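Working notes, structure below.
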Amino acid sequence: MADLAAVKRALAAQRIETPSWAFGNSGTRFKVFAQAGVPRTPEEKIADAATVHKYTGIAPTVALHIPWDKVDDYAALGEYAASVGVGIGAINTNVFQDDDYKLGSVTNPDPGIRRKATDHLLEAVDIMDATGSQDLKLWFSDGINYPGQDDLRNRQDRLAAALRETYDRLGDNQRILLEYKLFEPAFYATDIPDWGTSYAHCIELGEKATVCIDTGHHAPGTNIEFIVAFLLRQKKLGAFDFNSRFYADDDLMAGAADPFQLFRIMYEIVRGGALDPAYGINFMLDQCHNIEAKIPAIIRSVMNIQEATAKALLVDREALTKAQNDGDVLEANAVIMDAYNTDVRPLLGEVRADAGLDPNPIKAYRESGYQEQIVKDRVGGEQAGWGA
Ligand code: LRH
Ligand code: MN
Ligand code: MN
């Protein structure tokens with residue numbers, strides 16, 4: 001049996017980072033459905049993130065995306081965040097929304113465009129210095145649409161050079177989180193399409209470079225928990241971008257499409273001793289709430305991850321090990337399924353009550369009047385960044 005007091009302590013200590021862009025309007029390439037009350041400024045996105053933290057108690061940092069969250073004074077933005085009770089988390093770079101990047105950013109055949117893209121990555125490290133952020137999150141949309149369009153191998157060399165320059169600019173407590181994605185916007189070959197490519201570049205760079213797993217960036221059917229287990233064993237897993245998907249990179253609420261997969265991922269995290277914030281994994285959300293209200297959707301996502309984690313913590317590890325060593329396939333599977341099928345909502349309600357929170361964060365948010373207030377106060381909200 002799992003030790004319930006230890007499970008509760010682990011749940012109370014869990015941390016999840018919210019993405020500033022999830023609070024703004026977003027949509028598909030077909031339509032952005034604007035919502036009333038969405039943030040107009042980075043400060044308002046941070047205020048919404050602080051609200052998510054207020055009701056969940058486990059989301060004390062918010063990731064920024066530059067230039068979507070561009071301000072003149074980043075130190076002042078960091079101070080503002082602290083004043084509303086949150087910290088600035090990962091700084092996400094954006095080298096995908098400029099006409100110059102049509103043929104790629106850091107892998108572009110034009111050295112001038114590569115310089116511009118790399119300078120943006122270096123600027124992001126300056127922002128980390130100003131905000132005290134430790135994580136530089138890099139995702140490159142770079143890739144090609146047609147066979148022969150560019151040289152696959154030369155693009156890897158250009159990528160490695162930009163990564164090296166950026167890595168060498170990092171301070172002692174700063175690190176690179178290198179994200180991969182199978183396809184989109186490139187449709188034939190992406191320059192960092194999978195965890196193996198990201199991992200190889202991270203190895204080449206050094207210990208301050210680790211892989212970021214975005215759960216929506218794989219081919220259907222990919223066993224993500226295997227990737228988690230493998231990277232933990234190599235000490236090269238640095239972060240998650242959690243979201244869920246039915247088809248491609250849908251960016252739906254984490255745990256909505258496949259809560260069982262989320263549980264299996266969190267089980268590998270627990271089994272690897274990597275849940276404790278001291279281990280250093282940044283558990284971020286990366287989602288878009290195109291048709292549902294944003295703040296409660298983000299609260300729901302945090303709760304879904306908590307539920308998957310609670311179930312993972314409840315796995316009877318001793319019984320599992322015994323069944324595995326006995327070669328008892330059915331019993332081993334039953335131990336995992338018993339944990340997954342446990343209703344952990346009352347347990348999480350207790351954890352929240354112990355922390356002085358309402359056991360039902362969504363209800364508490366709805367009753368708080370915050371939503372009505374932002375609808376009244378904020379007129380003319382901005383698009384989160386897609387196409388903005
Ligand atoms: C790319 C991605 C990456 C970006 C974010 C907005 O699909 O997952 O993390 O920074 O979306
Ligand atoms: Mn992502
Ligand atoms: Mn994505």
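Chain labels follow the order of the structure tokens: the first chain is A, the next B, and so on; residue numbering restarts at 1 in every chain, and ligands are counted from 1 in their shown order.
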For this session: Select the residues contacting ligand 1 at a distance of at most 8 Å, based on only C-alpha atoms and all ligand atoms, then format the selection as an MDAnalysis selection string.
Result: chainID A and resid 21 65 92:94 137:141 179 181 184 214 216:217 241 249 251 286:287 386
Problem set entry | Backbone-only DSSP, alpha helix (DSSP H) members of range 166-307 of chain A, as a PyMOL selection string | chain A and resi 166-169+195-205+224-233+259-271+294-307
Given the selection you just returned, output its residues as a file containing C-alpha atoms, formatted as an mmCIF file, in the first residue's frame.
```
data_model
loop_
_atom_site.group_PDB
_atom_site.id
_atom_site.type_symbol
_atom_site.label_atom_id
_atom_site.label_comp_id
_atom_site.auth_asym_id
_atom_site.auth_seq_id
_atom_site.Cartn_x
_atom_site.Cartn_y
_atom_site.Cartn_z
ATOM 1 C CA THR A 166 23.135 30.436 -27.365
ATOM 2 C CA TYR A 167 24.329 27.786 -24.933
ATOM 3 C CA ASP A 168 27.618 29.612 -24.441
ATOM 4 C CA ARG A 169 25.700 32.768 -23.482
ATOM 5 C CA TRP A 195 13.137 13.457 -29.027
ATOM 6 C CA GLY A 196 16.165 11.655 -30.437
ATOM 7 C CA THR A 197 17.231 14.681 -32.462
ATOM 8 C CA SER A 198 16.676 17.000 -29.514
ATOM 9 C CA TYR A 199 18.541 14.596 -27.232
ATOM 10 C CA ALA A 200 21.524 14.360 -29.586
ATOM 11 C CA HIS A 201 21.823 18.155 -29.791
ATOM 12 C CA CYS A 202 21.511 18.414 -26.002
ATOM 13 C CA ILE A 203 24.291 15.848 -25.518
ATOM 14 C CA GLU A 204 26.487 17.791 -27.944
ATOM 15 C CA LEU A 205 25.783 21.044 -26.071
ATOM 16 C CA ILE A 224 5.371 8.965 -24.640
ATOM 17 C CA GLU A 225 5.962 7.353 -21.258
ATOM 18 C CA PHE A 226 8.777 5.337 -22.809
ATOM 19 C CA ILE A 227 10.429 8.605 -23.883
ATOM 20 C CA VAL A 228 9.977 9.906 -20.331
ATOM 21 C CA ALA A 229 11.561 6.791 -18.819
ATOM 22 C CA PHE A 230 14.450 6.837 -21.281
ATOM 23 C CA LEU A 231 15.270 10.527 -20.857
ATOM 24 C CA LEU A 232 15.030 10.331 -17.064
ATOM 25 C CA ARG A 233 17.496 7.470 -17.093
ATOM 26 C CA PRO A 259 -6.236 10.760 -19.071
ATOM 27 C CA PHE A 260 -4.804 7.229 -19.067
ATOM 28 C CA GLN A 261 -1.803 8.372 -21.097
ATOM 29 C CA LEU A 262 -1.271 11.272 -18.697
ATOM 30 C CA PHE A 263 -1.357 8.807 -15.785
ATOM 31 C CA ARG A 264 1.204 6.571 -17.492
ATOM 32 C CA ILE A 265 3.491 9.562 -18.039
ATOM 33 C CA MET A 266 3.127 10.675 -14.421
ATOM 34 C CA TYR A 267 3.787 7.148 -13.230
ATOM 35 C CA GLU A 268 7.198 7.212 -14.970
ATOM 36 C CA ILE A 269 7.859 10.597 -13.347
ATOM 37 C CA VAL A 270 7.014 9.219 -9.906
ATOM 38 C CA ARG A 271 8.933 6.010 -10.542
ATOM 39 C CA LYS A 294 -9.683 30.332 -20.439
ATOM 40 C CA ILE A 295 -9.048 30.665 -16.705
ATOM 41 C CA PRO A 296 -11.330 27.792 -15.615
ATOM 42 C CA ALA A 297 -9.950 25.673 -18.485
ATOM 43 C CA ILE A 298 -6.435 26.223 -17.162
ATOM 44 C CA ILE A 299 -7.587 25.429 -13.623
ATOM 45 C CA ARG A 300 -9.173 22.250 -15.001
ATOM 46 C CA SER A 301 -5.911 21.319 -16.742
ATOM 47 C CA VAL A 302 -3.942 21.761 -13.521
ATOM 48 C CA MET A 303 -6.503 19.587 -11.715
ATOM 49 C CA ASN A 304 -6.318 16.911 -14.418
ATOM 50 C CA ILE A 305 -2.549 16.713 -13.992
ATOM 51 C CA GLN A 306 -2.996 16.551 -10.212
ATOM 52 C CA GLU A 307 -5.454 13.675 -10.589
#
```
Problem set entry | Contacts of Val344 in chain A within 8 Å, only C-alpha atoms, excl. fewer than 3 positions in-chain, as a count of residues only | 5
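Among A:Ala239, A:Gln234, A:Val52, A:Gln149, the residue with the shortest atom-to-atom distance to ligand 2, counting only C-alpha atoms and all ligand atoms, is A:Ala239.
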Exercise. Could you state the separation of CA of Asn282 in chain A and CA of Gly24 in chain A in Å, given to one decimal place?
Worked result: 21.9 Å
